[in-house]
Amino acid sequence: MEFTVYQVDSFSNRPFAGNPAAVLVLERSLDEETMRNIAAEMNLSETAFAVRDGDRFGLRWFTPTTEVALCGHATLATAHVLFNHLGYSANTLHFDTLSGELRTRKTDTGLIEMDFPTATLTPVSATNEIIDAISARPLALMTDGTKLLVELDSARKVCNLNPDMDRLRKLPYMGVCCCALANDYVADPQPDFVSRFFAPASGIPEDPVTGSAHTLLMPHFGNKLGRKTLQARQISARGGDLQLEQKGDRVLIAGTAVTVMKASLYL
């Protein structure tokens, strides 16, 4: 069997930045073991598998080691492929996922906007295990039950973080998002806050740009700043920019993407 694979850099308008994802658009679903093996072969933070069902698409995401319930940058990459390579003419795409229906649309400004559910956040106490794992003392800790949001008191501290991956892996979270207001960080576009995302328990020591983490970050910093729209930057080595809007119980996450490779996979 031959499959076409696209590699897309999400949340970037140029190659070699943002977060790379592999995308396969299939005529029918593959078995889970095959999808896991393909994701391991691609060896990117996420590989997306989309299957058309009428005017909708089933969508699943796999890291090199496990399936995840929600992934922003691979959803953006999938929408980019459908809009730009496979001739999908409608402005809106509907994806059926483990996190329910997700919608993406092309905006008038050329961005792709994703409509994701807002995370419900609960405060967490700062334990020695958390402090030792991130090698910093947090200003605030919140969780949605699967991810841990760690707010620090400066963007510079987020930039300079060197967390202990072994200790992070032992925390009861699939990923840890360290973040801060961007008061001491300058960029164009200027962000309101910055973040980094670590997920060694999911086979990803540091994720370049994590769309799903912003379902936590937007309500947290939106409440902190009293605003419904924010500009975010994930300050990994590759880096990426996201435009965010809180709309009721949904977070709208918008960004750009660029295709860097189209290849054939033989099984």
# chains A, B, ... in the order shown; residues from 1 in each chain; ligands from 1
>>> select_by_dssp(residues="segment 18-243 of chain A", states="strand (DSSP E)", output="JSON, numbers by chain")
{"A": [19, 20, 21, 22, 23, 24, 25, 26, 46, 47, 48, 49, 50, 51, 52, 53, 56, 57, 58, 59, 60, 61, 62, 67, 68, 92, 93, 94, 95, 96, 97, 100, 101, 102, 103, 104, 105, 106, 112, 113, 114, 115, 116, 117, 122, 123, 140, 141, 142, 143, 147, 148, 149, 150, 151, 175, 176, 177, 178, 179, 180, 181, 193, 194, 195, 196, 197, 198, 199, 204, 205, 206, 207, 229, 230, 231, 232, 233, 234, 240, 241, 242, 243]}
>>> residues_around(residues="segment 221-237 of chain A", least_positions_apart="5", cutoff="9 Å", atoms="only C-alpha atoms", output="PyMOL selection string")
chain A and resi 17-18+158-159+179-182+187+189-197+206-210+214+216+242-247
>>> write_last_selection(atoms="N, CA, C and O atoms", output="short mmCIF file (atom, residue, chain, number, x, y, z; two decimals), in the first residue's frame")
data_model
loop_
_atom_site.label_atom_id
_atom_site.label_comp_id
_atom_site.auth_asym_id
_atom_site.auth_seq_id
_atom_site.Cartn_x
_atom_site.Cartn_y
_atom_site.Cartn_z
N ALA A 17 10.48 26.39 11.38
CA ALA A 17 10.02 27.04 12.61
C ALA A 17 8.67 26.45 12.95
O ALA A 17 8.16 25.57 12.25
N GLY A 18 8.06 26.90 14.04
CA GLY A 18 6.78 26.32 14.44
C GLY A 18 6.93 24.87 14.85
O GLY A 18 8.01 24.41 15.23
N VAL A 158 11.19 31.68 32.16
CA VAL A 158 10.67 30.63 31.28
C VAL A 158 11.70 30.31 30.19
O VAL A 158 11.95 29.14 29.88
N CYS A 159 12.31 31.35 29.62
CA CYS A 159 13.35 31.14 28.59
C CYS A 159 14.49 30.29 29.12
O CYS A 159 15.03 29.42 28.41
N CYS A 179 4.89 29.06 31.91
CA CYS A 179 4.45 30.27 31.22
C CYS A 179 4.66 31.49 32.10
O CYS A 179 4.90 31.39 33.31
N ALA A 180 4.55 32.68 31.47
CA ALA A 180 4.67 33.94 32.20
C ALA A 180 4.15 35.06 31.32
O ALA A 180 4.14 34.96 30.08
N LEU A 181 3.73 36.14 31.95
CA LEU A 181 3.44 37.36 31.21
C LEU A 181 4.70 37.82 30.49
O LEU A 181 5.82 37.62 30.99
N ALA A 182 4.53 38.47 29.34
CA ALA A 182 5.69 38.83 28.50
C ALA A 182 6.19 40.24 28.79
O ALA A 182 6.65 40.95 27.89
N ALA A 187 9.22 40.99 21.12
CA ALA A 187 9.18 40.27 19.85
C ALA A 187 8.22 40.99 18.93
O ALA A 187 7.50 41.92 19.34
N PRO A 189 5.30 39.68 16.22
CA PRO A 189 4.37 40.48 17.03
C PRO A 189 4.66 40.32 18.52
O PRO A 189 5.14 39.29 18.96
N GLN A 190 4.35 41.38 19.27
CA GLN A 190 4.59 41.37 20.70
C GLN A 190 3.54 40.51 21.40
O GLN A 190 2.34 40.77 21.30
N PRO A 191 3.96 39.45 22.11
CA PRO A 191 2.98 38.61 22.80
C PRO A 191 2.55 39.20 24.12
O PRO A 191 3.24 40.04 24.71
N ASP A 192 1.39 38.76 24.58
CA ASP A 192 0.93 39.10 25.92
C ASP A 192 1.53 38.16 26.95
O ASP A 192 1.76 38.55 28.10
N PHE A 193 1.78 36.91 26.54
CA PHE A 193 2.44 35.95 27.43
C PHE A 193 3.25 34.98 26.58
O PHE A 193 3.06 34.86 25.37
N VAL A 194 4.16 34.28 27.25
CA VAL A 194 5.01 33.28 26.58
C VAL A 194 4.87 31.96 27.33
O VAL A 194 4.45 31.92 28.49
N SER A 195 5.26 30.89 26.65
CA SER A 195 5.17 29.58 27.29
C SER A 195 6.19 28.62 26.69
O SER A 195 6.74 28.86 25.61
N ARG A 196 6.41 27.52 27.40
CA ARG A 196 7.13 26.34 26.90
C ARG A 196 6.37 25.12 27.41
O ARG A 196 5.74 25.18 28.48
N PHE A 197 6.43 24.02 26.65
CA PHE A 197 5.64 22.84 26.99
C PHE A 197 6.53 21.61 26.97
O PHE A 197 7.19 21.33 25.97
N GLU A 206 10.47 18.35 24.83
CA GLU A 206 9.89 19.70 24.71
C GLU A 206 9.18 19.81 23.37
O GLU A 206 9.77 19.55 22.32
N ASP A 207 7.91 20.21 23.42
CA ASP A 207 7.12 20.38 22.20
C ASP A 207 7.35 21.79 21.67
O ASP A 207 7.27 22.76 22.43
N PRO A 208 7.62 21.95 20.36
CA PRO A 208 7.93 23.29 19.84
C PRO A 208 6.79 24.29 20.01
O PRO A 208 7.02 25.43 20.45
N VAL A 209 5.56 23.91 19.62
CA VAL A 209 4.39 24.80 19.78
C VAL A 209 3.18 23.91 20.06
O VAL A 209 2.90 23.01 19.27
N THR A 210 2.47 24.19 21.13
CA THR A 210 1.43 23.28 21.61
C THR A 210 0.08 23.99 21.60
O THR A 210 -0.27 24.70 22.55
N HIS A 214 -3.00 25.93 24.93
CA HIS A 214 -3.58 27.26 24.99
C HIS A 214 -5.06 27.23 25.35
O HIS A 214 -5.65 28.29 25.60
N LEU A 216 -5.76 26.00 28.11
CA LEU A 216 -5.53 26.34 29.51
C LEU A 216 -5.01 27.77 29.64
O LEU A 216 -5.43 28.54 30.50
N LEU A 242 0.62 32.47 18.14
CA LEU A 242 -0.78 32.09 18.14
C LEU A 242 -1.63 33.29 18.50
O LEU A 242 -1.29 34.06 19.42
N GLN A 243 -2.75 33.46 17.79
CA GLN A 243 -3.75 34.45 18.15
C GLN A 243 -4.90 33.74 18.84
O GLN A 243 -5.41 32.74 18.32
N LEU A 244 -5.32 34.26 19.98
CA LEU A 244 -6.30 33.58 20.82
C LEU A 244 -7.50 34.47 21.09
O LEU A 244 -7.39 35.68 21.24
N GLU A 245 -8.66 33.82 21.17
CA GLU A 245 -9.90 34.52 21.55
C GLU A 245 -10.75 33.61 22.41
O GLU A 245 -10.99 32.45 22.05
N GLN A 246 -11.19 34.14 23.56
CA GLN A 246 -12.12 33.42 24.41
C GLN A 246 -13.53 33.72 23.94
O GLN A 246 -13.94 34.88 23.86
N LYS A 247 -14.28 32.67 23.61
CA LYS A 247 -15.64 32.86 23.11
C LYS A 247 -16.54 31.89 23.86
O LYS A 247 -16.70 30.73 23.46
#
>>> select_by_dssp(residues="segment 65-199 of chain A", states="helix (DSSP H, G or I)", output="JSON, numbers by chain")
{"A": [72, 73, 74, 75, 76, 77, 78, 79, 80, 81, 82, 83, 84, 128, 129, 130, 131, 132, 133, 134, 155, 156, 157, 158, 159, 165, 166, 167, 168, 169, 170]}
>>> write_last_selection(atoms="N, CA and C atoms", output="PDB file, in the first residue's frame")
ATOM      1  N   GLY A  72      -3.441  20.578  18.887  1.00  0.00           N
ATOM      2  CA  GLY A  72      -3.698  21.776  18.112  1.00  0.00           C
ATOM      3  C   GLY A  72      -2.891  21.868  16.834  1.00  0.00           C
ATOM      4  N   HIS A  73      -1.558  21.701  16.939  1.00  0.00           N
ATOM      5  CA  HIS A  73      -0.740  21.977  15.754  1.00  0.00           C
ATOM      6  C   HIS A  73      -0.975  20.948  14.653  1.00  0.00           C
ATOM      7  N   ALA A  74      -1.287  19.687  15.017  1.00  0.00           N
ATOM      8  CA  ALA A  74      -1.568  18.686  13.980  1.00  0.00           C
ATOM      9  C   ALA A  74      -2.959  18.887  13.369  1.00  0.00           C
ATOM     10  N   THR A  75      -3.895  19.466  14.123  1.00  0.00           N
ATOM     11  CA  THR A  75      -5.187  19.842  13.551  1.00  0.00           C
ATOM     12  C   THR A  75      -5.011  20.982  12.560  1.00  0.00           C
ATOM     13  N   LEU A  76      -4.213  21.971  12.941  1.00  0.00           N
ATOM     14  CA  LEU A  76      -3.906  23.077  12.028  1.00  0.00           C
ATOM     15  C   LEU A  76      -3.232  22.547  10.767  1.00  0.00           C
ATOM     16  N   ALA A  77      -2.287  21.608  10.933  1.00  0.00           N
ATOM     17  CA  ALA A  77      -1.586  21.034   9.781  1.00  0.00           C
ATOM     18  C   ALA A  77      -2.549  20.280   8.868  1.00  0.00           C
ATOM     19  N   THR A  78      -3.487  19.531   9.465  1.00  0.00           N
ATOM     20  CA  THR A  78      -4.466  18.777   8.669  1.00  0.00           C
ATOM     21  C   THR A  78      -5.361  19.725   7.880  1.00  0.00           C
ATOM     22  N   ALA A  79      -5.845  20.775   8.521  1.00  0.00           N
ATOM     23  CA  ALA A  79      -6.672  21.757   7.825  1.00  0.00           C
ATOM     24  C   ALA A  79      -5.887  22.419   6.698  1.00  0.00           C
ATOM     25  N   HIS A  80      -4.635  22.733   6.946  1.00  0.00           N
ATOM     26  CA  HIS A  80      -3.772  23.335   5.921  1.00  0.00           C
ATOM     27  C   HIS A  80      -3.659  22.420   4.708  1.00  0.00           C
ATOM     28  N   VAL A  81      -3.465  21.129   4.928  1.00  0.00           N
ATOM     29  CA  VAL A  81      -3.355  20.171   3.821  1.00  0.00           C
ATOM     30  C   VAL A  81      -4.664  20.091   3.047  1.00  0.00           C
ATOM     31  N   LEU A  82      -5.785  19.998   3.756  1.00  0.00           N
ATOM     32  CA  LEU A  82      -7.077  19.888   3.081  1.00  0.00           C
ATOM     33  C   LEU A  82      -7.402  21.142   2.282  1.00  0.00           C
ATOM     34  N   PHE A  83      -7.119  22.300   2.859  1.00  0.00           N
ATOM     35  CA  PHE A  83      -7.414  23.554   2.165  1.00  0.00           C
ATOM     36  C   PHE A  83      -6.473  23.797   0.982  1.00  0.00           C
ATOM     37  N   ASN A  84      -5.183  23.499   1.152  1.00  0.00           N
ATOM     38  CA  ASN A  84      -4.177  23.941   0.188  1.00  0.00           C
ATOM     39  C   ASN A  84      -3.687  22.869  -0.775  1.00  0.00           C
ATOM     40  N   ASN A 128       7.130  19.740  46.601  1.00  0.00           N
ATOM     41  CA  ASN A 128       8.569  19.652  46.331  1.00  0.00           C
ATOM     42  C   ASN A 128       8.839  18.915  45.025  1.00  0.00           C
ATOM     43  N   GLU A 129       7.988  17.928  44.704  1.00  0.00           N
ATOM     44  CA  GLU A 129       8.178  17.164  43.470  1.00  0.00           C
ATOM     45  C   GLU A 129       8.046  18.077  42.245  1.00  0.00           C
ATOM     46  N   ILE A 130       7.064  18.986  42.279  1.00  0.00           N
ATOM     47  CA  ILE A 130       6.867  19.903  41.152  1.00  0.00           C
ATOM     48  C   ILE A 130       8.007  20.908  41.075  1.00  0.00           C
ATOM     49  N   ILE A 131       8.373  21.498  42.213  1.00  0.00           N
ATOM     50  CA  ILE A 131       9.445  22.504  42.240  1.00  0.00           C
ATOM     51  C   ILE A 131      10.764  21.894  41.781  1.00  0.00           C
ATOM     52  N   ASP A 132      11.075  20.703  42.245  1.00  0.00           N
ATOM     53  CA  ASP A 132      12.325  20.054  41.837  1.00  0.00           C
ATOM     54  C   ASP A 132      12.308  19.680  40.354  1.00  0.00           C
ATOM     55  N   ALA A 133      11.131  19.309  39.837  1.00  0.00           N
ATOM     56  CA  ALA A 133      11.042  18.900  38.432  1.00  0.00           C
ATOM     57  C   ALA A 133      11.249  20.077  37.490  1.00  0.00           C
ATOM     58  N   ILE A 134      10.662  21.235  37.806  1.00  0.00           N
ATOM     59  CA  ILE A 134      10.799  22.385  36.911  1.00  0.00           C
ATOM     60  C   ILE A 134      12.004  23.248  37.262  1.00  0.00           C
ATOM     61  N   ALA A 155       9.163  36.218  32.009  1.00  0.00           N
ATOM     62  CA  ALA A 155       9.401  35.476  30.773  1.00  0.00           C
ATOM     63  C   ALA A 155      10.840  35.009  30.681  1.00  0.00           C
ATOM     64  N   ARG A 156      11.762  35.793  31.232  1.00  0.00           N
ATOM     65  CA  ARG A 156      13.170  35.399  31.196  1.00  0.00           C
ATOM     66  C   ARG A 156      13.383  34.068  31.917  1.00  0.00           C
ATOM     67  N   LYS A 157      12.676  33.863  33.015  1.00  0.00           N
ATOM     68  CA  LYS A 157      12.807  32.590  33.735  1.00  0.00           C
ATOM     69  C   LYS A 157      12.269  31.433  32.900  1.00  0.00           C
ATOM     70  N   VAL A 158      11.190  31.682  32.160  1.00  0.00           N
ATOM     71  CA  VAL A 158      10.672  30.634  31.278  1.00  0.00           C
ATOM     72  C   VAL A 158      11.701  30.312  30.193  1.00  0.00           C
ATOM     73  N   CYS A 159      12.313  31.352  29.620  1.00  0.00           N
ATOM     74  CA  CYS A 159      13.349  31.139  28.588  1.00  0.00           C
ATOM     75  C   CYS A 159      14.492  30.286  29.118  1.00  0.00           C
ATOM     76  N   MET A 165      13.950  16.197  33.300  1.00  0.00           N
ATOM     77  CA  MET A 165      13.013  15.395  32.525  1.00  0.00           C
ATOM     78  C   MET A 165      12.597  14.120  33.257  1.00  0.00           C
ATOM     79  N   ASP A 166      13.514  13.510  33.961  1.00  0.00           N
ATOM     80  CA  ASP A 166      13.166  12.297  34.709  1.00  0.00           C
ATOM     81  C   ASP A 166      12.121  12.601  35.771  1.00  0.00           C
ATOM     82  N   ARG A 167      12.280  13.724  36.465  1.00  0.00           N
ATOM     83  CA  ARG A 167      11.302  14.093  37.485  1.00  0.00           C
ATOM     84  C   ARG A 167       9.983  14.543  36.863  1.00  0.00           C
ATOM     85  N   LEU A 168      10.053  15.256  35.737  1.00  0.00           N
ATOM     86  CA  LEU A 168       8.819  15.635  35.041  1.00  0.00           C
ATOM     87  C   LEU A 168       8.023  14.400  34.635  1.00  0.00           C
ATOM     88  N   ARG A 169       8.736  13.389  34.166  1.00  0.00           N
ATOM     89  CA  ARG A 169       8.086  12.159  33.692  1.00  0.00           C
ATOM     90  C   ARG A 169       7.306  11.479  34.815  1.00  0.00           C
ATOM     91  N   LYS A 170       7.736  11.662  36.035  1.00  0.00           N
ATOM     92  CA  LYS A 170       7.093  11.001  37.172  1.00  0.00           C
ATOM     93  C   LYS A 170       5.898  11.772  37.724  1.00  0.00           C
TER      94      LYS A 170
END
>>> atom_distance(atom1="atom CA of Leu93 of chain A", atom2="atom CA of Thr120 of chain A")
25.2 Å
>>> atom_distance(atom1="atom CA of Glu101 of chain A", atom2="atom CA of Phe49 of chain A")
15.3 Å
>>> residues_around(residues="segment 139-142 of chain A", least_positions_apart="5", cutoff="8 Å", atoms="only C-alpha atoms", output="compact mmCIF listing (two decimals) with N, CA and C atoms, in the first residue's frame")
# COMPACT_ATOMS: atom_id res chain seq x y z
N LEU A 121 -10.07 24.82 34.83
CA LEU A 121 -8.84 24.84 35.60
C LEU A 121 -9.11 24.73 37.10
N THR A 122 -8.24 23.97 37.76
CA THR A 122 -8.30 23.80 39.21
C THR A 122 -6.93 24.13 39.79
N PRO A 123 -6.88 24.93 40.88
CA PRO A 123 -5.58 25.23 41.49
C PRO A 123 -4.90 23.98 42.04
N VAL A 124 -3.57 23.99 42.01
CA VAL A 124 -2.74 22.89 42.51
C VAL A 124 -1.75 23.45 43.52
N SER A 125 -1.49 22.70 44.58
CA SER A 125 -0.50 23.12 45.56
C SER A 125 0.90 22.85 45.04
N ALA A 126 1.82 23.72 45.38
CA ALA A 126 3.22 23.57 44.96
C ALA A 126 3.92 22.56 45.85
N LEU A 148 -0.42 20.29 33.42
CA LEU A 148 -0.13 21.19 34.53
C LEU A 148 0.35 22.52 33.98
N LEU A 149 -0.33 23.60 34.38
CA LEU A 149 0.08 24.95 34.02
C LEU A 149 0.91 25.51 35.17
N VAL A 150 2.12 25.94 34.85
CA VAL A 150 3.05 26.48 35.85
C VAL A 150 3.37 27.92 35.46
N GLU A 151 2.82 28.88 36.18
CA GLU A 151 3.13 30.28 35.89
C GLU A 151 4.33 30.73 36.71
N LEU A 152 5.31 31.35 36.04
CA LEU A 152 6.47 31.94 36.69
C LEU A 152 6.33 33.45 36.67
N ASP A 153 7.22 34.15 37.38
CA ASP A 153 7.06 35.60 37.52
C ASP A 153 7.80 36.40 36.46
>>> closest_residue(among="A:Tyr185, A:Pro200, A:Arg250, A:Val176", to="Arg103 of chain A", atoms="only C-alpha atoms")
A:Arg250
>>> closest_residue(among="A:Gly58, A:Pro172, A:Gly110, A:Pro20", to="Glu46 of chain A", atoms="only C-alpha atoms")
A:Pro20
>>> residues_around(residues="segment 21-34 of chain A", least_positions_apart="6", cutoff="10 Å", atoms="only C-alpha atoms", output="number ranges by chain")
A: 3-10, 40, 42-53, 57-63, 67, 73-82, 86, 259, 261-262, 265, 267
>>> atom_distance(atom1="atom CA of Thr118 of chain A", atom2="atom CA of Ala257 of chain A")
22.8 Å
>>> closest_residue(among="A:Ala136, A:Asp184, A:Leu171, A:Cys178", to="Ser154 of chain A", atoms="only C-alpha atoms")
A:Asp184
>>> closest_residue(among="A:Ala213, A:Val260, A:Ala90, A:Ile204", to="Pro117 of chain A", atoms="only C-alpha atoms")
A:Ala213
